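Novice: As input, take model-v2.cif (mmCIF, C-alpha atoms):
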```cif
data_final
loop_
_atom_site.label_atom_id
_atom_site.label_comp_id
_atom_site.auth_asym_id
_atom_site.auth_seq_id
_atom_site.Cartn_x
_atom_site.Cartn_y
_atom_site.Cartn_z
CA MET X 24 3.10 20.03 2.92
CA ARG X 25 6.27 18.20 1.92
CA GLN X 26 9.12 20.01 0.21
CA ARG X 27 11.94 18.83 -2.00
CA ILE X 28 15.38 18.87 -0.42
CA LEU X 29 18.88 19.37 -1.78
CA VAL X 30 21.27 16.45 -1.56
CA SER X 31 24.93 16.11 -2.38
CA ALA X 32 26.04 15.74 -5.97
CA LEU X 33 26.66 12.07 -5.33
CA GLY X 34 23.18 11.65 -3.91
CA VAL X 35 21.53 13.46 -6.80
CA GLY X 36 23.36 11.34 -9.34
CA ALA X 37 22.41 8.12 -7.67
CA LEU X 38 18.80 9.15 -7.40
CA ALA X 39 18.67 10.25 -11.02
CA VAL X 40 19.89 6.86 -12.13
CA ALA X 41 17.30 5.15 -9.97
CA GLY X 42 14.54 7.52 -11.04
CA LEU X 43 13.79 8.48 -7.43
CA THR X 44 12.44 11.70 -5.96
CA VAL X 45 13.73 12.66 -2.52
CA GLN X 46 11.33 14.53 -0.24
CA THR X 47 11.29 15.59 3.38
CA LEU X 48 8.95 13.70 5.64
CA SER X 49 5.87 15.45 6.86
CA ALA X 50 5.83 17.03 10.30
CA SER X 51 4.55 13.70 11.59
CA GLY X 52 7.37 11.80 9.91
CA ALA X 53 10.95 12.38 11.10
CA ASP X 54 11.53 11.94 14.80
CA ALA X 55 14.81 13.45 15.97
CA ALA X 56 14.62 11.47 19.18
CA THR X 57 15.05 8.14 17.41
CA PRO X 58 18.45 7.25 15.91
CA TYR X 59 17.12 5.62 12.76
CA THR X 60 14.73 8.38 11.70
CA ALA X 61 16.91 11.32 12.78
CA GLY X 62 17.97 13.18 9.64
CA LYS X 63 16.14 10.72 7.41
CA HIS X 64 13.87 11.66 4.56
CA ALA X 65 11.36 9.89 2.36
CA ALA X 66 12.37 8.81 -1.14
CA ARG X 67 10.07 7.38 -3.76
CA VAL X 68 10.95 3.82 -4.63
CA CYS X 69 9.60 3.99 -8.20
CA SER X 70 10.06 6.70 -10.79
CA THR X 71 7.06 8.94 -11.37
CA ALA X 72 4.82 7.77 -14.19
CA LYS X 73 5.02 10.18 -17.11
CA ALA X 74 2.94 8.50 -19.81
CA LYS X 75 -0.83 8.76 -19.68
CA HIS X 76 -2.55 5.69 -18.21
CA THR X 77 0.69 4.44 -16.73
CA ALA X 78 1.09 3.87 -13.00
CA SER X 79 3.80 4.46 -10.45
CA CYS X 80 4.13 2.38 -7.31
CA ASN X 81 3.27 4.14 -4.06
CA ALA X 82 6.11 2.89 -1.87
CA VAL X 83 8.54 5.25 -0.14
CA LYS X 84 11.54 4.48 2.03
CA LEU X 85 13.60 6.35 4.57
CA VAL X 86 16.98 7.49 3.25
CA ASN X 87 19.80 9.63 4.60
CA PRO X 88 20.34 13.26 3.46
CA ASP X 89 22.39 12.01 0.51
CA GLY X 90 19.51 9.86 -0.71
CA PHE X 91 20.80 6.47 0.40
CA ALA X 92 19.50 3.76 2.69
CA PRO X 93 22.73 2.16 3.93
CA ASN X 94 22.94 -1.63 3.95
CA ALA X 95 21.80 -3.08 7.25
CA SER X 96 22.16 -6.58 8.64
CA ALA X 97 19.14 -6.22 10.93
CA PRO X 98 15.74 -4.51 10.77
CA PRO X 99 15.68 -0.84 11.79
CA SER X 100 14.61 -0.60 15.40
CA THR X 101 12.01 2.07 14.57
CA GLY X 102 10.26 -0.01 11.91
CA LEU X 103 6.80 -1.45 12.49
CA THR X 104 7.01 -5.21 13.16
CA PRO X 105 4.39 -7.91 12.60
CA THR X 106 3.74 -8.02 16.33
CA GLY X 107 3.24 -4.26 16.47
CA LEU X 108 1.03 -4.17 13.40
CA ARG X 109 -1.28 -6.93 14.60
CA ASP X 110 -1.55 -5.32 18.02
CA ALA X 111 -2.28 -1.87 16.59
CA TYR X 112 -5.15 -3.20 14.46
CA LYS X 113 -6.32 -5.88 16.92
CA LEU X 114 -5.69 -8.76 14.54
CA ASN X 115 -4.28 -11.25 17.04
CA GLY X 116 -6.27 -14.47 17.16
CA LEU X 117 -7.62 -14.07 13.64
CA SER X 118 -6.80 -16.59 10.91
CA ALA X 119 -6.88 -16.44 7.13
CA GLY X 120 -7.91 -20.09 7.14
CA GLY X 121 -5.98 -21.00 4.00
CA ARG X 122 -7.30 -18.06 2.00
CA THR X 123 -5.04 -16.34 -0.52
CA VAL X 124 -4.06 -12.69 -1.02
CA ALA X 125 -2.91 -11.79 -4.51
CA ILE X 126 -0.44 -8.96 -5.11
CA VAL X 127 -0.26 -7.22 -8.48
CA ASP X 128 2.81 -5.19 -9.41
CA ALA X 129 4.91 -4.48 -12.47
CA TYR X 130 8.16 -6.15 -13.55
CA GLY X 131 10.20 -8.98 -12.11
CA TYR X 132 11.92 -9.72 -8.80
CA PRO X 133 14.09 -12.86 -9.09
CA ASN X 134 14.84 -13.20 -5.37
CA LEU X 135 11.35 -12.55 -4.03
CA GLU X 136 11.05 -16.00 -2.43
CA ARG X 137 14.50 -15.80 -0.85
CA ASP X 138 13.92 -12.31 0.56
CA LEU X 139 10.46 -13.16 1.86
CA GLY X 140 12.06 -16.08 3.67
CA VAL X 141 14.54 -13.76 5.36
CA TYR X 142 11.74 -11.45 6.51
CA ARG X 143 9.52 -14.20 7.86
CA SER X 144 12.38 -15.98 9.60
CA GLN X 145 13.51 -12.74 11.25
CA PHE X 146 10.11 -12.23 12.86
CA GLY X 147 9.37 -15.86 13.69
CA LEU X 148 6.71 -16.40 11.01
CA SER X 149 6.23 -19.78 9.37
CA ALA X 150 7.93 -20.42 6.04
CA CYS X 151 6.01 -19.31 2.94
CA THR X 152 7.56 -20.97 -0.10
CA THR X 153 6.63 -22.26 -3.51
CA ALA X 154 7.50 -25.76 -2.29
CA ASN X 155 5.02 -25.75 0.60
CA GLY X 156 2.27 -24.19 -1.52
CA CYS X 157 2.12 -20.90 0.38
CA LEU X 158 3.73 -18.77 -2.35
CA LYS X 159 3.17 -18.55 -6.09
CA VAL X 160 4.80 -16.10 -8.53
CA ILE X 161 3.46 -15.78 -12.08
CA ASN X 162 3.40 -13.36 -14.98
CA GLN X 163 0.42 -11.31 -16.10
CA THR X 164 -1.07 -14.16 -18.11
CA GLY X 165 -0.41 -16.83 -15.50
CA GLY X 166 2.81 -18.23 -16.93
CA THR X 167 6.16 -18.80 -15.29
CA SER X 168 8.31 -16.75 -17.69
CA LEU X 169 8.71 -13.65 -15.53
CA PRO X 170 9.34 -10.04 -16.60
CA ARG X 171 12.66 -8.25 -16.45
CA PHE X 172 13.92 -6.96 -13.11
CA ASN X 173 13.16 -3.41 -12.03
CA ALA X 174 14.65 -2.32 -8.70
CA GLY X 175 11.91 0.15 -7.79
CA TRP X 176 8.99 -2.17 -8.46
CA ALA X 177 10.85 -5.07 -6.84
CA GLY X 178 11.11 -2.96 -3.69
CA GLU X 179 7.37 -2.43 -3.92
CA GLN X 180 6.80 -6.17 -4.17
CA ALA X 181 8.98 -6.75 -1.11
CA LEU X 182 6.90 -4.28 0.88
CA ASP X 183 3.67 -5.92 -0.30
CA VAL X 184 4.55 -9.52 0.54
CA ASP X 185 6.05 -8.48 3.88
CA ALA X 186 2.94 -6.44 4.76
CA VAL X 187 0.60 -9.32 3.98
CA SER X 188 2.86 -11.65 5.98
CA ALA X 189 2.81 -9.29 8.94
CA ALA X 190 -0.96 -8.77 9.02
CA ALA X 191 -2.04 -12.31 8.13
CA PRO X 192 0.87 -14.71 8.67
CA ASP X 193 -1.12 -17.79 7.66
CA ALA X 194 -2.46 -16.34 4.40
CA LYS X 195 -1.19 -17.76 1.13
CA ILE X 196 0.31 -15.29 -1.33
CA VAL X 197 0.14 -15.09 -5.12
CA VAL X 198 2.31 -12.45 -6.80
CA VAL X 199 1.35 -11.52 -10.36
CA GLN X 200 4.04 -9.54 -12.19
CA ALA X 201 2.86 -7.38 -15.08
CA ASN X 202 5.10 -6.83 -18.10
CA SER X 203 5.02 -3.06 -17.59
CA ALA X 204 3.38 -0.37 -15.49
CA SER X 205 0.75 0.45 -18.10
CA PHE X 206 -2.86 0.34 -16.95
CA ALA X 207 -3.51 -2.35 -19.57
CA ASP X 208 -0.71 -4.68 -18.39
CA LEU X 209 -1.44 -4.16 -14.69
CA GLY X 210 -5.14 -4.65 -15.36
CA THR X 211 -4.47 -7.89 -17.22
CA ALA X 212 -2.47 -9.04 -14.19
CA VAL X 213 -5.43 -8.25 -11.92
CA GLN X 214 -7.70 -10.38 -14.10
CA THR X 215 -5.20 -13.22 -13.88
CA ALA X 216 -4.99 -12.83 -10.10
CA ALA X 217 -8.76 -13.10 -9.82
CA LYS X 218 -8.65 -16.48 -11.56
CA GLN X 219 -6.19 -18.06 -9.12
CA ALA X 220 -7.58 -20.66 -6.76
CA GLY X 221 -8.35 -19.44 -3.26
CA VAL X 222 -7.85 -15.72 -3.94
CA VAL X 223 -10.16 -13.59 -1.79
CA ALA X 224 -8.30 -10.27 -2.01
CA ILE X 225 -6.09 -8.52 -4.58
CA SER X 226 -3.76 -5.72 -3.48
CA ASN X 227 -2.77 -2.95 -5.91
CA SER X 228 -0.14 -0.60 -4.47
CA TYR X 229 0.08 1.71 -7.45
CA GLY X 230 -1.78 4.46 -9.21
CA GLY X 231 -1.84 6.95 -12.03
CA GLY X 232 -4.14 9.78 -12.96
CA ASP X 233 -7.90 9.52 -12.58
CA ALA X 234 -9.42 7.29 -15.25
CA SER X 235 -12.78 5.93 -16.25
CA ASP X 236 -14.27 2.59 -15.28
CA SER X 237 -15.88 2.56 -18.71
CA THR X 238 -12.37 2.01 -20.10
CA TYR X 239 -10.51 0.16 -17.34
CA GLY X 240 -13.17 -1.06 -14.92
CA GLN X 241 -13.33 -4.47 -16.60
CA TYR X 242 -9.97 -5.22 -15.01
CA TYR X 243 -11.06 -4.49 -11.43
CA ASN X 244 -14.69 -5.65 -11.44
CA HIS X 245 -14.55 -8.89 -9.43
CA PRO X 246 -17.53 -9.39 -7.11
CA GLY X 247 -16.62 -11.79 -4.33
CA ILE X 248 -12.99 -10.64 -4.24
CA ALA X 249 -11.81 -7.60 -2.27
CA VAL X 250 -9.73 -5.46 -4.64
CA THR X 251 -7.73 -2.87 -2.69
CA ALA X 252 -5.87 0.09 -4.20
CA SER X 253 -3.63 2.71 -2.60
CA THR X 254 -4.70 6.35 -2.97
CA GLY X 255 -1.22 7.77 -3.59
CA ASP X 256 1.52 9.59 -1.71
CA ASP X 257 1.05 13.21 -2.85
CA GLY X 258 -1.63 14.40 -0.46
CA TYR X 259 -4.86 15.94 -1.72
CA GLN X 260 -4.58 15.77 -5.51
CA GLY X 261 -7.92 14.40 -6.73
CA GLY X 262 -8.65 10.95 -8.09
CA SER X 263 -5.96 8.32 -8.67
CA TYR X 264 -6.79 5.16 -10.61
CA PRO X 265 -7.49 2.38 -9.70
CA ALA X 266 -8.29 3.74 -6.20
CA SER X 267 -10.84 6.01 -7.91
CA SER X 268 -12.60 3.00 -9.45
CA SER X 269 -16.05 2.17 -8.13
CA TYR X 270 -14.94 -1.48 -7.97
CA THR X 271 -12.02 -1.14 -5.56
CA THR X 272 -11.54 -0.41 -1.87
CA ALA X 273 -9.52 2.84 -1.84
CA VAL X 274 -6.92 2.77 0.94
CA GLY X 275 -5.50 5.96 2.44
CA GLY X 276 -2.73 6.38 4.98
CA THR X 277 -2.01 7.29 8.58
CA SER X 278 0.82 8.03 10.96
CA LEU X 279 0.80 5.31 13.62
CA VAL X 280 2.61 5.63 16.96
CA ALA X 281 2.58 3.76 20.26
CA ALA X 282 0.62 5.61 22.93
CA SER X 283 -0.33 5.34 26.60
CA ASN X 284 -4.04 5.00 25.95
CA SER X 285 -6.46 2.09 26.14
CA ARG X 286 -5.69 1.04 22.59
CA GLY X 287 -1.95 1.38 23.03
CA TRP X 288 -1.62 3.30 19.76
CA SER X 289 -2.71 6.58 18.22
CA GLU X 290 -3.19 7.57 14.61
CA SER X 291 -3.46 10.78 12.64
CA VAL X 292 -3.53 11.63 8.93
CA TRP X 293 -0.26 10.99 7.12
CA SER X 294 0.27 14.22 5.18
CA GLY X 295 1.20 12.26 2.05
CA ALA X 296 -1.99 10.19 1.91
CA GLY X 297 -3.83 10.71 -1.38
CA SER X 298 -7.44 11.86 -1.44
CA GLY X 299 -9.97 13.42 -3.78
CA CYS X 300 -13.00 12.90 -5.97
CA SER X 301 -13.10 11.05 -9.26
CA THR X 302 -14.33 13.09 -12.19
CA TYR X 303 -15.46 9.91 -13.97
CA ASN X 304 -16.73 7.14 -11.73
CA THR X 305 -19.93 6.48 -9.85
CA ALA X 306 -20.13 7.18 -6.12
CA LEU X 307 -20.33 4.13 -3.89
CA PRO X 308 -23.93 3.56 -2.73
CA GLY X 309 -22.75 2.90 0.81
CA ALA X 310 -21.06 6.30 1.03
CA ALA X 311 -24.28 8.25 0.38
CA SER X 312 -24.97 8.98 4.05
CA PHE X 313 -21.39 9.94 4.98
CA SER X 314 -21.26 13.47 3.51
CA THR X 315 -18.21 12.98 1.31
CA GLY X 316 -18.89 16.18 -0.64
CA CYS X 317 -18.09 14.36 -3.88
CA SER X 318 -20.74 14.04 -6.56
CA LYS X 319 -18.91 10.98 -7.88
CA ARG X 320 -16.59 8.37 -6.37
CA ALA X 321 -14.78 9.65 -3.24
CA MET X 322 -11.49 8.27 -1.96
CA ALA X 323 -10.38 6.94 0.51
CA ASP X 324 -12.72 4.32 1.97
CA VAL X 325 -10.45 3.08 4.78
CA SER X 326 -6.79 3.47 5.70
CA ALA X 327 -3.81 1.95 7.50
CA ALA X 328 -0.24 2.82 8.46
CA ALA X 329 1.65 4.62 5.69
CA ASP X 330 3.93 7.28 7.21
CA PRO X 331 7.46 5.94 6.57
CA GLY X 332 8.77 7.56 9.75
CA LYS X 333 5.89 6.74 12.08
CA GLY X 334 4.36 3.40 11.23
CA GLY X 335 6.67 2.53 8.35
CA MET X 336 7.49 -1.18 8.24
CA ALA X 337 10.89 -2.75 8.64
CA ILE X 338 11.21 -4.78 5.43
CA TYR X 339 13.83 -6.82 3.57
CA TYR X 340 14.09 -5.57 -0.01
CA PRO X 341 16.36 -5.79 -3.07
CA THR X 342 18.96 -3.12 -3.82
CA SER X 343 19.96 -4.88 -7.05
CA LYS X 344 19.12 -8.01 -8.99
CA THR X 345 21.25 -10.06 -6.57
CA ALA X 346 21.62 -8.11 -3.30
CA SER X 347 19.06 -7.23 -0.62
CA THR X 348 19.04 -5.45 2.74
CA TRP X 349 16.82 -4.03 5.49
CA ALA X 350 15.18 -0.61 5.46
CA GLN X 351 12.07 1.19 6.65
CA PHE X 352 9.30 1.55 4.06
CA GLY X 353 5.93 3.30 4.01
CA GLY X 354 3.54 5.00 1.62
CA THR X 355 -0.02 4.01 0.86
CA SER X 356 1.65 1.00 -0.74
CA GLU X 357 2.05 -0.25 2.83
CA ALA X 358 -1.61 0.36 3.64
CA ALA X 359 -3.21 -1.40 0.63
CA PRO X 360 -1.74 -4.89 1.30
CA ILE X 361 -2.50 -4.54 5.02
CA ILE X 362 -6.17 -3.98 4.21
CA ALA X 363 -6.16 -6.81 1.65
CA ALA X 364 -4.80 -9.09 4.37
CA VAL X 365 -7.54 -7.98 6.79
CA TYR X 366 -10.15 -8.92 4.19
CA ALA X 367 -8.51 -12.34 4.04
CA LEU X 368 -8.74 -12.58 7.82
CA SER X 369 -12.43 -11.70 7.75
CA GLY X 370 -13.30 -14.27 5.08
CA ASN X 371 -16.21 -12.02 4.13
CA THR X 372 -15.81 -10.76 0.57
CA SER X 373 -19.17 -11.53 -1.03
CA GLY X 374 -20.50 -8.98 -3.49
CA TYR X 375 -18.52 -5.75 -3.70
CA ALA X 376 -16.24 -5.73 -0.69
CA ASN X 377 -15.90 -1.92 -0.65
CA ALA X 378 -19.47 -1.78 0.72
CA PHE X 379 -18.59 -3.58 3.99
CA PRO X 380 -16.78 -0.74 5.82
CA TYR X 381 -19.69 1.64 5.16
CA ALA X 382 -22.06 -0.86 6.74
CA HIS X 383 -19.83 -1.36 9.81
CA PRO X 384 -18.02 1.94 10.58
CA GLY X 385 -18.20 1.21 14.32
CA SER X 386 -15.69 -1.61 13.80
CA LEU X 387 -13.01 0.84 12.71
CA PHE X 388 -10.69 3.20 14.57
CA ASP X 389 -11.85 6.64 13.48
CA VAL X 390 -8.94 8.98 12.64
CA THR X 391 -9.92 12.51 13.62
CA SER X 392 -6.76 14.62 13.48
CA GLY X 393 -4.36 15.75 10.76
CA SER X 394 -4.42 17.02 7.19
CA ASN X 395 -2.95 16.18 3.79
CA GLY X 396 -3.04 19.64 2.23
CA SER X 397 -5.44 22.38 1.20
CA CYS X 398 -8.78 21.68 -0.45
CA PRO X 399 -12.01 23.52 -1.33
CA THR X 400 -14.20 21.16 0.72
CA THR X 401 -12.83 20.64 4.22
CA GLN X 402 -13.39 16.88 4.58
CA TRP X 403 -11.47 16.16 1.38
CA CYS X 404 -8.17 16.92 3.09
CA ASN X 405 -8.83 17.29 6.82
CA ALA X 406 -9.57 14.55 9.31
CA ARG X 407 -12.86 14.71 11.17
CA THR X 408 -15.26 12.43 13.01
CA GLY X 409 -16.67 9.98 10.48
CA TRP X 410 -15.56 9.89 6.85
CA ASP X 411 -12.75 12.07 5.53
CA GLY X 412 -10.67 11.94 2.37
CA PRO X 413 -7.21 11.05 3.71
CA THR X 414 -8.33 8.19 5.99
CA GLY X 415 -11.82 7.28 4.82
CA LEU X 416 -13.87 5.76 7.63
CA GLY X 417 -10.77 4.80 9.62
CA THR X 418 -8.41 1.91 10.23
CA PRO X 419 -9.03 -1.74 11.21
CA ASN X 420 -10.20 -2.57 14.72
CA GLY X 421 -10.15 -6.28 14.16
CA ALA X 422 -11.82 -7.52 10.99
CA GLY X 423 -15.40 -6.61 11.81
CA ALA X 424 -15.66 -3.91 9.14
CA PHE X 425 -14.34 -6.14 6.37
#
```
Can you present the structure in this file as structure tokens?

Specialist:
Amino acid sequence: MRQRILVSALGVGALAVAGLTVQTLSASGADAATPYTAGKHAARVCSTAKAKHTASCNAVKLVNPDGFAPNASAPPSTGLTPTGLRDAYKLNGLSAGGRTVAIVDAYGYPNLERDLGVYRSQFGLSACTTANGCLKVINQTGGTSLPRFNAGWAGEQALDVDAVSAAAPDAKIVVVQANSASFADLGTAVQTAAKQAGVVAISNSYGGGDASDSTYGQYYNHPGIAVTASTGDDGYQGGSYPASSSYTTAVGGTSLVAASNSRGWSESVWSGAGSGCSTYNTALPGAASFSTGCSKRAMADVSAAADPGKGGMAIYYPTSKTASTWAQFGGTSEAAPIIAAVYALSGNTSGYANAFPYAHPGSLFDVTSGSNGSCPTTQWCNARTGWDGPTGLGTPNGAGAF
């Protein structure tokens, strides 16, 4: 389990202003043999949601013991690159074919297009701009008057657009910025995203407490569009909405490292990956034969890289309204847009897309080691062959399960 750490008075003050929580990485996180991760810890990018039915983003970044990620002119050498990500999940040769991934987050990010350009140029990806029709940024009702800047949520947006770019470089991207992090505003933004031309997947890298589809499901119920949602970064804690919705694909998290095996990579549970059973929502029909142990909706369904120290992406993100830099980000906020991008690569999102992995578990890399805490039913927090709470059915092996 992760523990809070003490930082210097300067670090504490800075984090308090930013609303961040500093935590040590899990045992699978910090790697003393690598210069960038040595002595680093994971810090939440967004402040923890305090109001009921309000979400927090699920992005975390590596920071030094004082709680800072120093400015960097180049990507951290330990960060996952687009080439590495596509190799790990066997996505090379797949195309999004002009399909669009929508990203829903809260608040504004004035330099999103500029920063995305830096990221894509750094890794040799084609330009994705508003001028060439690849990128669109709108508010929660579809207008162009964007919300106020929020550094934490802007960092989340940077991770999301970079993750989609890495997994599906030819996908178009629509970013819908909600006015606030309330379930109602974020849900309205999801509805707007679903109405945008060409959208086949909507990524939601945020969550709050478990909630009922009878109240909020209208926002996420979009047959024909894959709606992904991250399960959270606090380990086994029970349901987190909207990942606990019966309408979404709940995305857990792994630690991903290069390995000398036939795949070239190995994965285990990231100890922060959220998991649990909803107390409100209906179990997925496809999960009935997978022994989830939940009487209602079980999460996760699938997973992807999320450990900020092992599998965390090198991204270009804003440190203020005007300045940006490189850092290494993770969290299940990394995993949700990766899975949304894989749905775009598959082009197969008819009906409820969360049913597809359960029909094709053999097209996933099964994650069979690791744990995200203690739980009364072993598969809710411990990896095993087949379905388990932290990683669901596994991670992409191409797009055959999506």

Novice: Please measure the separation of atom CA of X:Tyr264 and atom CA of X:Ala234, giving the value in Å to one decimal.

Specialist: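 Atom CA of X:Ala234 lies 5.7 Å from atom CA of X:Tyr264.
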
Novice: Which one of X:Asn81, X:Ala95, X:His64, X:Asn134 sits closest to X:Ala252 if you count all atoms listed in the file?

Specialist: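 Comparing X:Asn81, X:Ala95, X:His64, X:Asn134 against X:Ala252, the winner is X:Asn81.
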
Novice: Could you please determine the separation between atom CA of X:Ser373 and atom CA of X:Val222 in Å, to one decimal place?

Specialist: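 Pair atom CA of X:Ser373 / atom CA of X:Val222 returns 12.4 Å.
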
Novice: Run the PyMOL selection byres ((chain X and resi 365) around 12) on the file and write out the hits as a PyMOL selection string.

Specialist: chain X and resi 108-109+112-115+117-119+122-124+186-194+223-226+249-251+325-327+358-364+366-372+376+380+387+418-425

Novice: Can you list, as a list in words, every protein, DNA or RNA residue that comes within 8 Å of X:Ala321 when you count all atoms listed in the file, leaving out same-chain residues fewer than 4 positions away?

Specialist: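 These residues fall inside the cut-off: Gly262, Ser267, Ser298, Gly299, Cys300, Ser301, Ala306, Leu307, Thr315, Cys317 and Gly412 of chain X.
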
Novice: Would you please work out which residue, of X:Gly295, X:Pro170, X:Pro93, X:Gly210, is nearest to X:Gly332 when using all atoms listed in the file?

Specialist: X:Gly295

Novice: Ranking X:Asp185, X:Glu357, X:Glu290, X:Asp138 by minimum distance to X:Asp389 and counting all atoms listed in the file, which one comes first?

Specialist: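 Using all atoms listed in the file, the shortest distance to X:Asp389 belongs to X:Glu290.
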
Novice: Specify as a PyMOL selection string each residue included when the PyMOL selection byres ((chain X and resi 86) around 7) is applied to this file.

Specialist: chain X and resi 63-66+84-85+87-88+90-92

Novice: May I have the residues from that selection written out with C-alpha atoms, as a short mmCIF file (atom, residue, chain, number, x, y, z; two decimals), in the frame of the given file?

Specialist:
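Output contents, as saved in part_35.cif:
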```cif
data_model
loop_
_atom_site.label_atom_id
_atom_site.label_comp_id
_atom_site.auth_asym_id
_atom_site.auth_seq_id
_atom_site.Cartn_x
_atom_site.Cartn_y
_atom_site.Cartn_z
CA LYS X 63 16.14 10.72 7.41
CA HIS X 64 13.87 11.66 4.56
CA ALA X 65 11.36 9.89 2.36
CA ALA X 66 12.37 8.81 -1.14
CA LYS X 84 11.54 4.48 2.03
CA LEU X 85 13.60 6.35 4.57
CA ASN X 87 19.80 9.63 4.60
CA PRO X 88 20.34 13.26 3.46
CA GLY X 90 19.51 9.86 -0.71
CA PHE X 91 20.80 6.47 0.40
CA ALA X 92 19.50 3.76 2.69
#
```

Novice: Pick out the residues sitting within 7 Å of stretch 333-342 of chain X, and hand them over as a VMD selection string; count all atoms listed in the file, and ignore anything fewer than 4 positions along from it in its own chain.

Specialist: chain X and resid 52 98 to 99 102 to 104 138 142 174 177 to 178 181 to 182 185 278 to 280 328 to 329 346 to 353

Novice: Which neighbours of X:Val390 fall inside 10 Å, counting all atoms listed in the file, when residues of the same chain fewer than 2 positions from it are skipped, and could you give them as a PyMOL selection string?

Specialist: chain X and resi 277-278+289-292+325-326+387-388+392-393+406-411+413-418

Novice: For atom CA of X:Val274 and atom CA of X:Asn377, quote the distance in Å rounded to one decimal.

Specialist: 10.3 Å

Novice: Counting all atoms listed in the file, which residues sit no farther than 12 Å from the position (3.6, 8.4, -14.9) in the file's frame? I'd like them as a VMD selection string.

Specialist: chain X and resid 42 69 to 81 203 to 206 229 to 233 263 to 264

Novice: I'd like to know which of X:Leu158, X:Ala150, X:Ala82, X:Cys398 is closest to X:Ser253, using all atoms listed in the file.

Specialist: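 Once distances to X:Ser253 are computed over all atoms listed in the file, the minimum belongs to X:Ala82.
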
Novice: Pick out the closest residue to X:Thr305 from this set: X:Gly240, X:Pro384, X:Gly62, X:Gly175. Count only C-alpha atoms.

Specialist: X:Gly240

Novice: Hey, which of X:Val199, X:Ala266, X:Ala216, X:Cys157 ends up closest to X:Asp236? Count all atoms listed in the file.

Specialist: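 Nearest candidate to X:Asp236 out of X:Val199, X:Ala266, X:Ala216, X:Cys157: X:Ala266.
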
Novice: Residues within 10 Å of X:Asp257, please, as a PyMOL selection string. Count all atoms listed in the file; anything in the same chain fewer than 5 positions from it doesn't count.

Specialist: chain X and resi 24-25+81+294-298+354-355+395-396

Novice: Kindly reconstruct stretch 414-424 of chain X with N, CA, C and O atoms and present the result as a CSV table (one decimal), in the frame of the given file.

Specialist:
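Below is the file that was written, rebuild_19.csv:
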```
chain,number,residue,atom,x,y,z
X,414,THR,N,-8.3,9.5,5.3
X,414,THR,CA,-8.3,8.2,6.0
X,414,THR,C,-9.6,7.4,5.8
X,414,THR,O,-9.8,6.4,6.4
X,415,GLY,N,-10.6,8.0,5.0
X,415,GLY,CA,-11.8,7.3,4.8
X,415,GLY,C,-12.6,7.2,6.1
X,415,GLY,O,-12.7,8.1,6.9
X,416,LEU,N,-13.1,6.0,6.4
X,416,LEU,CA,-13.9,5.8,7.6
X,416,LEU,C,-13.0,5.4,8.8
X,416,LEU,O,-13.4,5.4,9.9
X,417,GLY,N,-11.7,5.1,8.5
X,417,GLY,CA,-10.8,4.8,9.6
X,417,GLY,C,-9.9,3.6,9.3
X,417,GLY,O,-9.8,3.1,8.2
X,418,THR,N,-9.3,3.0,10.4
X,418,THR,CA,-8.4,1.9,10.2
X,418,THR,C,-9.0,0.7,11.0
X,418,THR,O,-9.9,0.8,11.8
X,419,PRO,N,-8.4,-0.5,10.7
X,419,PRO,CA,-9.0,-1.7,11.2
X,419,PRO,C,-9.0,-1.8,12.7
X,419,PRO,O,-8.0,-1.5,13.4
X,420,ASN,N,-10.1,-2.2,13.3
X,420,ASN,CA,-10.2,-2.6,14.7
X,420,ASN,C,-10.7,-4.0,14.7
X,420,ASN,O,-11.9,-4.3,14.9
X,421,GLY,N,-9.8,-4.9,14.5
X,421,GLY,CA,-10.2,-6.3,14.2
X,421,GLY,C,-10.6,-6.3,12.7
X,421,GLY,O,-10.3,-5.4,11.9
X,422,ALA,N,-11.4,-7.3,12.4
X,422,ALA,CA,-11.8,-7.5,11.0
X,422,ALA,C,-13.3,-7.3,10.8
X,422,ALA,O,-13.9,-7.7,9.8
X,423,GLY,N,-14.0,-6.7,11.8
X,423,GLY,CA,-15.4,-6.6,11.8
X,423,GLY,C,-16.0,-5.7,10.7
X,423,GLY,O,-17.2,-5.8,10.4
X,424,ALA,N,-15.2,-4.8,10.2
X,424,ALA,CA,-15.7,-3.9,9.1
X,424,ALA,C,-15.3,-4.4,7.7
X,424,ALA,O,-15.6,-3.7,6.8
```
